[in-house]
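Shown below: coords.csv, with CSV, C-alpha atoms.
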chain,number,residue,atom,x,y,z
A,1,MET,CA,159.4,34.7,-48.6
A,2,THR,CA,156.0,34.3,-50.4
A,3,SER,CA,153.5,36.4,-52.2
A,4,ARG,CA,150.6,34.2,-51.1
A,5,LYS,CA,148.9,36.0,-48.3
A,6,GLU,CA,146.2,33.4,-48.0
A,7,TRP,CA,148.9,30.9,-46.8
A,8,PHE,CA,149.6,32.8,-43.5
A,9,ILE,CA,148.1,31.4,-40.3
A,10,ASN,CA,149.0,34.7,-38.6
A,11,TYR,CA,150.2,37.9,-40.1
A,12,SER,CA,151.4,41.3,-39.0
A,13,PRO,CA,152.0,44.2,-41.5
A,14,PHE,CA,155.1,46.3,-41.2
A,15,ARG,CA,154.7,50.0,-40.6
A,16,THR,CA,157.5,50.6,-43.1
A,17,PRO,CA,158.3,48.0,-45.8
A,18,ILE,CA,161.7,46.2,-45.5
A,19,SER,CA,164.0,46.2,-48.5
A,20,ILE,CA,165.5,42.9,-49.5
A,21,GLY,CA,168.4,42.7,-52.0
A,22,LEU,CA,168.5,39.9,-54.6
A,23,GLY,CA,171.4,38.3,-56.4
A,24,ASP,CA,170.9,40.4,-59.5
A,25,ASP,CA,171.2,43.6,-57.4
A,26,SER,CA,167.5,44.3,-57.6
A,27,ILE,CA,165.4,45.3,-54.6
A,28,ILE,CA,162.1,43.9,-53.4
A,29,LYS,CA,159.9,45.0,-50.5
A,30,ALA,CA,158.6,42.9,-47.7
A,31,VAL,CA,155.3,44.4,-46.4
A,32,GLY,CA,154.5,42.0,-43.5
A,33,LEU,CA,155.6,39.0,-41.5
A,34,GLY,CA,153.9,35.8,-40.3
A,35,SER,CA,153.8,32.0,-40.1
A,36,VAL,CA,153.1,29.4,-42.8
A,37,ARG,CA,152.4,25.7,-42.4
A,38,ILE,CA,153.9,23.2,-44.9
A,39,SER,CA,153.2,19.5,-45.3
A,40,MET,CA,156.4,17.6,-46.3
A,41,THR,CA,156.4,14.0,-47.4
A,42,VAL,CA,159.4,11.7,-46.7
A,43,ASP,CA,159.3,8.0,-47.6
A,44,GLY,CA,155.5,8.1,-47.9
A,45,ILE,CA,155.0,9.7,-44.4
A,46,SER,CA,153.6,13.3,-44.3
A,47,ARG,CA,154.6,15.6,-41.5
A,48,LEU,CA,153.3,19.1,-40.8
A,49,PHE,CA,155.8,21.9,-40.0
A,50,GLU,CA,155.3,25.6,-39.2
A,51,LEU,CA,157.7,28.1,-40.7
A,52,GLN,CA,158.0,31.3,-38.7
A,53,ASP,CA,159.2,34.7,-39.7
A,54,VAL,CA,158.0,34.4,-43.3
A,55,TYR,CA,158.1,37.6,-45.3
A,56,TYR,CA,155.1,38.6,-47.3
A,57,VAL,CA,156.5,40.1,-50.6
A,58,LEU,CA,154.2,41.3,-53.3
A,59,ASP,CA,156.9,41.3,-56.0
A,60,MET,CA,157.6,37.5,-55.7
A,61,GLY,CA,155.1,36.6,-58.3
A,62,THR,CA,154.2,32.9,-58.2
A,63,ASN,CA,157.6,32.0,-56.7
A,64,ASN,CA,158.5,31.3,-53.1
A,65,LEU,CA,161.9,31.2,-51.5
A,66,LEU,CA,163.1,29.2,-48.4
A,67,SER,CA,166.4,30.4,-47.1
A,68,VAL,CA,169.1,27.8,-46.2
A,69,THR,CA,170.5,30.3,-43.7
A,70,TYR,CA,167.1,30.5,-42.1
A,71,MET,CA,166.9,26.7,-41.7
A,72,VAL,CA,170.4,26.6,-40.1
A,73,TRP,CA,169.5,29.4,-37.7
A,74,LYS,CA,166.4,27.3,-36.6
A,75,GLY,CA,168.5,24.3,-35.8
A,76,TYR,CA,168.0,22.3,-39.0
A,77,ILE,CA,170.8,20.5,-41.0
A,78,VAL,CA,170.8,20.9,-44.7
A,79,ASN,CA,172.8,18.5,-46.8
A,80,PHE,CA,173.2,18.9,-50.6
A,81,GLY,CA,173.9,16.1,-53.0
A,82,THR,CA,174.2,16.0,-56.8
A,83,ASN,CA,170.4,15.9,-57.4
A,84,MET,CA,168.9,15.7,-53.9
A,85,CYS,CA,168.9,17.9,-50.8
A,86,GLU,CA,167.9,16.6,-47.4
A,87,ILE,CA,166.7,18.7,-44.5
A,88,SER,CA,167.0,17.0,-41.1
A,89,LYS,CA,166.7,17.7,-37.4
A,90,ALA,CA,167.6,15.6,-34.4
A,91,GLY,CA,168.9,12.9,-36.7
A,92,SER,CA,165.6,12.5,-38.7
A,93,ILE,CA,165.1,13.6,-42.3
A,94,ILE,CA,162.0,15.8,-42.4
A,95,GLY,CA,162.1,17.1,-45.9
A,96,LYS,CA,163.7,16.8,-49.3
A,97,ALA,CA,164.3,19.0,-52.3
A,98,LYS,CA,165.2,18.1,-55.9
A,99,ASN,CA,167.5,19.8,-58.3
A,100,ARG,CA,165.4,21.1,-61.3
A,101,LYS,CA,167.5,23.0,-63.8
A,102,GLY,CA,169.7,24.5,-61.2
A,103,LEU,CA,166.9,25.3,-58.7
A,104,TRP,CA,166.2,23.3,-55.6
A,105,VAL,CA,162.5,22.6,-55.3
A,106,LEU,CA,161.1,21.6,-52.0
A,107,ASP,CA,158.8,18.5,-52.0
A,108,GLY,CA,156.1,20.0,-49.9
A,109,ASN,CA,152.7,21.8,-50.0
A,110,PRO,CA,151.4,24.7,-48.0
A,111,VAL,CA,148.5,24.1,-45.7
A,112,VAL,CA,146.0,26.9,-46.4
A,113,PRO,CA,144.1,28.0,-43.3
A,114,ASN,CA,140.3,27.6,-43.3
A,115,PRO,CA,139.0,31.1,-44.0
A,116,HIS,CA,136.0,30.4,-41.8
A,117,VAL,CA,138.1,29.8,-38.7
A,118,ALA,CA,138.4,32.9,-36.5
A,119,HIS,CA,141.9,34.3,-36.0
A,120,VAL,CA,141.0,36.2,-32.8
A,121,VAL,CA,141.1,34.3,-29.5
A,122,LYS,CA,138.7,35.6,-26.8
A,123,ALA,CA,139.7,34.8,-23.2
A,124,SER,CA,139.7,36.3,-19.7
A,125,LEU,CA,142.6,38.2,-18.4
A,126,SER,CA,143.6,35.3,-16.1
A,127,VAL,CA,143.7,32.9,-19.1
A,128,TRP,CA,145.8,35.3,-21.2
A,129,TYR,CA,148.0,35.8,-18.1
A,130,LYS,CA,148.9,32.1,-18.2
A,131,GLN,CA,149.1,31.8,-21.9
A,132,LEU,CA,151.6,34.6,-22.1
A,133,GLY,CA,154.0,32.9,-19.7
A,134,TYR,CA,152.6,34.5,-16.5
A,135,MET,CA,153.4,38.0,-17.7
A,136,MET,CA,152.4,40.9,-15.4
A,137,THR,CA,148.7,41.7,-15.9
A,138,TYR,CA,149.6,45.3,-16.6
A,139,SER,CA,151.7,44.1,-19.5
A,140,VAL,CA,149.0,41.9,-20.8
A,141,LYS,CA,146.6,44.8,-20.9
A,142,LYS,CA,149.2,47.0,-22.5
A,143,LEU,CA,149.6,44.6,-25.4
A,144,LEU,CA,145.9,44.9,-26.2
A,145,GLU,CA,145.4,48.6,-25.5
A,146,SER,CA,148.4,49.6,-27.6
A,147,SER,CA,147.6,47.1,-30.4
A,148,MET,CA,151.1,45.6,-30.0
A,149,VAL,CA,149.8,42.1,-31.0
A,150,THR,CA,147.1,40.7,-33.1
A,151,GLY,CA,144.6,37.9,-32.5
A,152,MET,CA,143.9,38.8,-28.9
A,153,GLU,CA,140.6,39.9,-27.2
A,154,LEU,CA,139.6,40.2,-23.5
A,155,ILE,CA,136.2,39.2,-22.3
A,156,ASP,CA,136.5,40.8,-18.9
A,157,ASN,CA,138.4,43.7,-17.3
A,158,GLY,CA,140.4,41.5,-14.9
A,159,THR,CA,139.4,43.2,-11.7
A,160,ASN,CA,139.4,39.9,-9.8
A,161,HIS,CA,142.9,38.9,-10.9
A,162,THR,CA,145.9,39.6,-8.7
A,163,ASP,CA,149.4,38.7,-9.6
A,164,SER,CA,150.5,38.3,-6.0
A,165,GLU,CA,148.0,35.4,-5.6
A,166,CYS,CA,149.6,33.3,-8.3
A,167,ILE,CA,151.3,30.3,-6.6
A,168,ALA,CA,153.1,29.3,-9.9
A,169,CYS,CA,154.7,32.8,-10.1
A,170,ILE,CA,155.8,32.7,-6.4
A,171,LYS,CA,157.6,29.4,-7.1
A,172,GLY,CA,158.8,30.0,-10.7
A,173,LYS,CA,159.9,33.6,-10.3
A,174,THR,CA,161.8,33.3,-7.1
A,175,THR,CA,165.5,34.1,-7.5
A,176,GLN,CA,167.8,31.1,-7.5
A,177,ASN,CA,170.0,30.4,-4.5
A,178,VAL,CA,173.2,32.3,-4.2
A,179,ILE,CA,176.2,30.4,-5.6
A,180,PRO,CA,177.9,29.0,-2.5
A,181,LYS,CA,181.5,29.8,-1.6
A,182,LYS,CA,182.0,26.4,0.0
A,183,SER,CA,181.0,23.0,-1.4
A,184,ASN,CA,178.9,20.7,0.8
A,185,VAL,CA,180.2,17.5,-0.9
A,186,GLU,CA,182.9,15.4,0.6
A,187,ASN,CA,186.4,15.7,-1.0
A,188,PRO,CA,188.8,13.5,1.1
A,189,ARG,CA,192.0,13.9,-0.9
A,190,ARG,CA,193.7,15.7,-3.8
A,191,LEU,CA,192.2,14.9,-7.2
A,192,HIS,CA,189.3,13.0,-5.7
A,193,ARG,CA,186.9,15.4,-7.5
A,194,ILE,CA,187.8,18.0,-10.2
A,195,TYR,CA,185.6,20.9,-11.2
A,196,SER,CA,185.8,22.4,-14.6
A,197,ASP,CA,184.2,25.3,-16.5
A,198,VAL,CA,184.8,27.4,-19.6
A,199,TYR,CA,184.3,31.1,-19.8
A,200,GLY,CA,183.9,33.2,-22.9
A,201,PRO,CA,184.0,34.3,-25.6
A,202,PHE,CA,185.7,37.6,-24.7
A,203,ASP,CA,184.7,40.7,-26.6
A,204,ILE,CA,188.4,41.2,-27.4
A,205,GLU,CA,190.3,38.4,-29.1
A,206,GLY,CA,193.3,37.7,-26.9
A,207,TYR,CA,197.0,37.2,-27.8
A,208,SER,CA,197.5,34.0,-29.9
A,209,TRP,CA,193.8,34.3,-31.0
A,210,SER,CA,192.5,33.2,-27.6
A,211,GLN,CA,188.7,33.7,-27.1
A,212,TYR,CA,188.0,31.6,-24.0
A,213,PHE,CA,189.7,30.2,-20.9
A,214,VAL,CA,189.2,26.8,-19.4
A,215,MET,CA,189.5,26.4,-15.7
A,216,PHE,CA,190.2,23.3,-13.5
A,217,VAL,CA,189.7,23.3,-9.8
A,218,ASN,CA,191.0,20.6,-7.5
A,219,SER,CA,188.2,19.9,-5.0
A,220,PHE,CA,190.3,19.1,-2.0
A,221,SER,CA,192.5,22.2,-2.0
A,222,HIS,CA,190.6,24.5,-4.5
A,223,TYR,CA,193.9,24.8,-6.3
A,224,VAL,CA,193.0,26.4,-9.6
A,225,ARG,CA,194.6,26.3,-13.1
A,226,VAL,CA,193.5,28.4,-16.0
A,227,LYS,CA,194.4,27.9,-19.7
A,228,PRO,CA,193.4,30.4,-22.5
A,229,ILE,CA,192.1,28.5,-25.5
A,230,ARG,CA,190.9,29.5,-29.0
A,231,SER,CA,187.6,27.5,-29.0
A,232,LYS,CA,185.5,25.4,-26.6
A,233,ASN,CA,186.6,22.3,-28.6
A,234,GLU,CA,190.1,22.6,-27.0
A,235,ALA,CA,188.7,22.3,-23.5
A,236,SER,CA,188.6,18.5,-23.3
A,237,LYS,CA,192.1,18.2,-24.7
A,238,VAL,CA,193.6,20.6,-22.2
A,239,LEU,CA,191.7,18.9,-19.3
A,240,LYS,CA,193.1,15.5,-20.3
A,241,GLU,CA,196.7,17.0,-20.2
A,242,TRP,CA,196.1,18.6,-16.8
A,243,ILE,CA,194.7,15.4,-15.2
A,244,THR,CA,197.6,13.3,-16.5
A,245,CYS,CA,200.2,15.7,-15.3
A,246,SER,CA,198.6,16.2,-11.9
A,247,GLU,CA,198.3,12.4,-11.3
A,248,ILE,CA,202.1,12.1,-12.1
A,249,GLU,CA,202.9,15.0,-9.8
A,250,THR,CA,200.8,14.0,-6.8
A,251,GLY,CA,200.9,10.2,-7.2
A,252,GLU,CA,197.1,10.2,-6.7
A,253,LYS,CA,194.3,9.2,-9.1
A,254,ALA,CA,191.5,11.4,-10.3
A,255,ASN,CA,188.1,9.9,-9.6
A,256,LEU,CA,185.3,12.3,-10.4
A,257,LEU,CA,184.8,15.2,-12.9
A,258,ARG,CA,182.0,17.7,-12.4
A,259,THR,CA,181.0,20.0,-15.3
A,260,ASP,CA,177.9,21.5,-16.7
A,261,GLY,CA,176.1,19.7,-19.6
A,262,ASP,CA,177.9,21.8,-22.3
A,263,SER,CA,178.8,19.9,-25.4
A,264,LYS,CA,182.5,20.7,-24.9
A,265,TYR,CA,182.8,17.8,-22.5
A,266,MET,CA,180.1,15.5,-23.9
A,267,GLY,CA,182.0,14.3,-27.0
A,268,MET,CA,182.2,10.5,-27.5
A,269,GLU,CA,186.1,10.5,-27.6
A,270,PHE,CA,186.4,12.4,-24.3
A,271,GLN,CA,183.7,10.3,-22.6
A,272,GLU,CA,185.5,7.1,-23.7
A,273,TRP,CA,188.8,8.5,-22.3
A,274,LEU,CA,187.0,9.0,-18.9
A,275,ARG,CA,185.7,5.5,-19.0
A,276,SER,CA,189.1,4.1,-19.8
A,277,ARG,CA,190.5,5.8,-16.6
A,278,GLU,CA,187.4,4.7,-14.6
A,279,MET,CA,186.5,8.3,-13.9
A,280,HIS,CA,182.9,9.2,-13.2
A,281,HIS,CA,181.5,12.3,-15.0
A,282,GLU,CA,179.1,14.3,-12.8
A,283,VAL,CA,176.9,16.6,-15.1
A,284,THR,CA,175.0,19.4,-13.4
A,285,ASN,CA,171.5,20.4,-14.4
A,286,ALA,CA,171.0,23.1,-17.0
A,287,ASN,CA,170.9,26.8,-15.7
A,288,THR,CA,171.9,25.8,-12.2
A,289,PRO,CA,175.4,27.2,-11.6
A,290,GLN,CA,175.0,26.5,-7.8
A,291,GLU,CA,175.5,22.8,-8.6
A,292,ASN,CA,179.0,23.6,-9.9
A,293,GLY,CA,179.5,26.3,-7.3
A,294,VAL,CA,183.2,25.8,-6.6
A,295,ALA,CA,184.1,26.4,-10.3
A,296,GLU,CA,181.6,29.2,-10.7
A,297,HIS,CA,182.8,31.1,-7.6
A,298,LEU,CA,186.5,30.8,-8.5
A,299,ASN,CA,185.5,31.8,-12.1
A,300,ARG,CA,184.0,35.0,-10.7
A,301,THR,CA,186.9,35.7,-8.4
A,302,ILE,CA,189.4,35.4,-11.3
A,303,LEU,CA,187.3,37.5,-13.6
A,304,GLU,CA,186.8,40.3,-11.1
A,305,MET,CA,190.5,40.4,-10.2
A,306,MET,CA,191.6,40.3,-13.9
A,307,ARG,CA,189.2,43.1,-14.9
A,308,THR,CA,190.4,45.2,-12.0
A,309,MET,CA,194.1,44.8,-12.9
A,310,MET,CA,193.3,45.4,-16.6
A,311,HIS,CA,191.5,48.6,-15.7
A,312,GLU,CA,194.4,49.9,-13.5
A,313,SER,CA,197.2,48.9,-15.8
A,314,ASP,CA,198.2,50.3,-19.2
A,315,LEU,CA,198.4,46.9,-20.9
A,316,PRO,CA,196.6,46.4,-24.2
A,317,ARG,CA,193.3,44.6,-23.8
A,318,ASN,CA,194.3,41.8,-26.1
A,319,LEU,CA,196.8,40.6,-23.5
A,320,TRP,CA,194.0,39.4,-21.2
A,321,PRO,CA,195.2,35.7,-21.6
A,322,PHE,CA,198.4,36.6,-19.8
A,323,ILE,CA,196.5,38.6,-17.1
A,324,VAL,CA,194.2,35.7,-16.4
A,325,GLN,CA,197.2,33.4,-15.9
A,326,TYR,CA,198.9,35.9,-13.7
A,327,THR,CA,195.6,36.1,-11.7
A,328,GLN,CA,195.6,32.4,-11.1
A,329,GLU,CA,199.1,32.7,-9.5
A,330,ILE,CA,197.7,35.3,-7.1
A,331,VAL,CA,194.5,33.3,-6.3
A,332,ASN,CA,196.5,30.1,-5.5
A,333,ARG,CA,198.5,32.1,-3.0
A,334,LEU,CA,195.5,33.4,-1.0
A,335,LEU,CA,193.6,32.1,1.9
A,336,MET,CA,190.1,30.7,1.2
A,337,ARG,CA,187.3,30.0,3.7
A,338,ALA,CA,186.7,26.6,2.1
A,339,LEU,CA,190.0,25.4,3.6
A,340,SER,CA,189.9,24.4,7.2
A,341,LYS,CA,193.6,24.9,7.8
A,342,ASN,CA,195.5,28.2,7.7
A,343,GLU,CA,197.2,27.4,4.4
A,344,THR,CA,197.1,28.7,0.8
A,345,LEU,CA,195.6,26.8,-2.1
A,346,TYR,CA,199.1,26.2,-3.4
A,347,GLU,CA,200.3,24.6,-0.2
A,348,ALA,CA,197.1,22.4,0.1
A,349,PHE,CA,197.9,21.0,-3.4
A,350,HIS,CA,201.7,21.0,-3.6
A,351,LEU,CA,202.3,20.3,0.1
A,352,LYS,CA,204.8,23.1,0.3
A,353,LYS,CA,204.6,26.9,0.9
A,354,PRO,CA,204.5,29.1,-2.2
A,355,SER,CA,206.8,32.0,-3.0
A,356,VAL,CA,205.3,35.4,-3.8
A,357,LYS,CA,208.6,37.1,-4.7
A,358,HIS,CA,207.7,37.1,-8.4
A,359,LEU,CA,204.4,38.9,-7.7
A,360,GLN,CA,204.4,42.7,-7.8
A,361,ILE,CA,201.7,45.4,-7.7
A,362,PHE,CA,200.3,45.3,-11.2
A,363,GLY,CA,203.4,43.3,-12.1
A,364,CYS,CA,201.7,41.7,-15.0
A,365,ARG,CA,204.0,43.3,-17.5
A,366,ALA,CA,207.1,41.7,-15.9
A,367,TYR,CA,205.4,38.4,-15.5
A,368,VAL,CA,203.9,37.9,-19.0
A,369,HIS,CA,207.0,39.3,-20.9
A,370,VAL,CA,205.0,41.5,-23.3
A,371,PRO,CA,206.4,40.9,-26.8
A,372,ASP,CA,208.1,43.9,-28.5
A,373,ASP,CA,205.7,43.8,-31.5
A,374,LYS,CA,202.7,44.3,-29.2

Encoding of this model in structure tokens:
Amino acid sequence: MTSRKEWFINYSPFRTPISIGLGDDSIIKAVGLGSVRISMTVDGISRLFELQDVYYVLDMGTNNLLSVTYMVWKGYIVNFGTNMCEISKAGSIIGKAKNRKGLWVLDGNPVVPNPHVAHVVKASLSVWYKQLGYMMTYSVKKLLESSMVTGMELIDNGTNHTDSECIACIKGKTTQNVIPKKSNVENPRRLHRIYSDVYGPFDIEGYSWSQYFVMFVNSFSHYVRVKPIRSKNEASKVLKEWITCSEIETGEKANLLRTDGDSKYMGMEFQEWLRSREMHHEVTNANTPQENGVAEHLNRTILEMMRTMMHESDLPRNLWPFIVQYTQEIVNRLLMRALSKNETLYEAFHLKKPSVKHLQIFGCRAYVHVPDDK
């Protein structure tokens, strides 16, 4: 927050001032929002940073306030010492603050914009169309005509521009391929390749404080195991336990693990564990669920079945961890087109036919043994 309007490189006034509560229970009003550039010096090297979403507050006097919560939200790490505070990002210190009589003062200076530089950009509709991320031209015009943004001016009416002629849009806005029901990679035996994924958090905290579930799929048989967990950090631990038990049970060795690039599987300890077992970790590209299609497809199957049973049963919603485990029992006893033989997922993995006598229509209550206090 600042009271220095001349510092803003862009600025938008609020229609209605926003009330901000202070530590002494007083209220001040923010009348606008914009961006401010600050030059910070660390070890004799000056770097320029742009602070966004800065409030313009008339009642701030000559003081300025930088929120630690704001810095954390923006991905910065703030470390406080006795007399020094360091702000870092991506492992590099970008700024420092000193303790002066109980207040942390940032070692930086605002970069005041040149008042003679125009703050309105004039360009054709086709240029604005590209600068605004290939937004529909109708929306670009709407921004200007309705004064929804500032600093924008058209120098033509755009009659020669057609969205359908944009090659970049045709390539970039085409929907992604449907997640396949069958993998096209070779999986010659049990445990050759293991797929894993984590789903959550659920909107309702489950029994025993579960918020997610981690899923493991054996590539050869598509045999699936599901384990409710409290946080994503538990995923790698549960995966290690399942791999170890499966290797003992089958007498075969796990070779490949395929997951997305989520940090839950990228920790140094887990990566070292994989290397010690000579397991290769296949990491799919970001935002491409098709590359982990086996896990994604079974994930969806389990979720749809679980939600259907929850909807039809009278069980409390916080018992979803038991329902999802009951669902895995059903899925492993079904046929799947990914298997060439007429056998269930259970038989393909355990090499024996499964029993279904413990499965009943909406028999979750009998299976999960609902506690009396729930």

**Prompt:** Quick one: residues within 7 Å of region 82-95 of chain A, all atoms listed in the file counted, chain neighbours fewer than 3 positions away excluded, as a list in words?
**Reply:**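 In the requested format, the answer is Met40, Thr41, Val42, Tyr76, Ile77, Val78, Asn79, Lys98 and Asn99 of chain A.
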
**Message:** List as number ranges by chain the protein and nucleic acid residues near His280 (chain A), meaning an atom at most 12 Å away when all atoms listed in the file are counted, but skip any in the same chain fewer than 2 places from it.
**Reply:** A: 192-194, 254-259, 271-278, 282-283

**Request:** Using all atoms listed in the file, determine which residues lie at most 7 Å from Phe213 (chain A), disregarding the query and same-chain residues fewer than 5 positions distant; provide the list as a list of chain:residue names.
**Result:** A:Val198, A:Tyr199, A:Gly200, A:Val226, A:Lys227, A:Pro228, A:Ile229

**Item:** Among listed residues A:His350, A:Lys5, A:Arg317, A:Lys74, nearest Arg190 (chain A) (using all atoms listed in the file)
**Value:**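 Result for the nearest residue to Arg190 (chain A): A:His350.
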
**Among the residues A:Asn332, A:Ser219, A:Ser124, A:Asn318, the one that comes closest to Ile302 (chain A) [using only C-alpha atoms]** =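 Nearest to Ile302 (chain A): A:Asn332.
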
**Exercise: Trp242 (chain A) partners within 12 Å, all atoms listed in the file, chain neighbours under 5 positions left out, as a ChimeraX atom specification** = /A:191,194,196,214-218,224-227,235-237,247-250,254

**Request:** May I ask which of the residues A:Glu205, A:Asp197, A:Asn10, A:Leu345 is the closest one to Thr284 (chain A), counting all atoms listed in the file?
**Result:**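 For Thr284 (chain A), the nearest of the given residues is A:Asp197.
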
**Request:** Find the residues with any atom within 9 Å of (197.0, 32.9, -6.3); use only C-alpha atoms and the coordinates as given in the file, and write the answer as a VMD selection string.
**Result:** chain A and resid 223 to 224 326 to 335 344 to 346

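Contact shell of region 319-323 of chain A at 8 Å (all atoms listed in the file; same-chain neighbours under 6 positions omitted): Gly206, Tyr207, Ser210, Phe213, Pro228, Met306, Met309, Met310, Cys364 and Val368 of chain A.
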
**Request:** Check the smallest atom-to-atom distance from each of A:Thr301, A:Thr308, A:Ser3, A:Ser221 to Glu343 (chain A) using all atoms listed in the file, then report the winner.
**Result:** A:Ser221

**A:Ser35, A:Asn233, A:Gln325, A:Asn64 ranked by distance to Phe8 (chain A), top pick (using only C-alpha atoms)** =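 Nearest to Phe8 (chain A): A:Ser35.
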
**Request:** For CA of Trp209 (chain A) and CA of Lys240 (chain A), quote the distance in Å rounded to one decimal.
**Result:**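 The value is 21.6 Å.
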
**Message:** Nearest residue to Thr62 (chain A) out of A:Phe80, A:Trp7, A:Thr2, A:Val105, using all atoms listed in the file?
**Reply:**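 Distance minimum relative to Thr62 (chain A) lands on A:Thr2.
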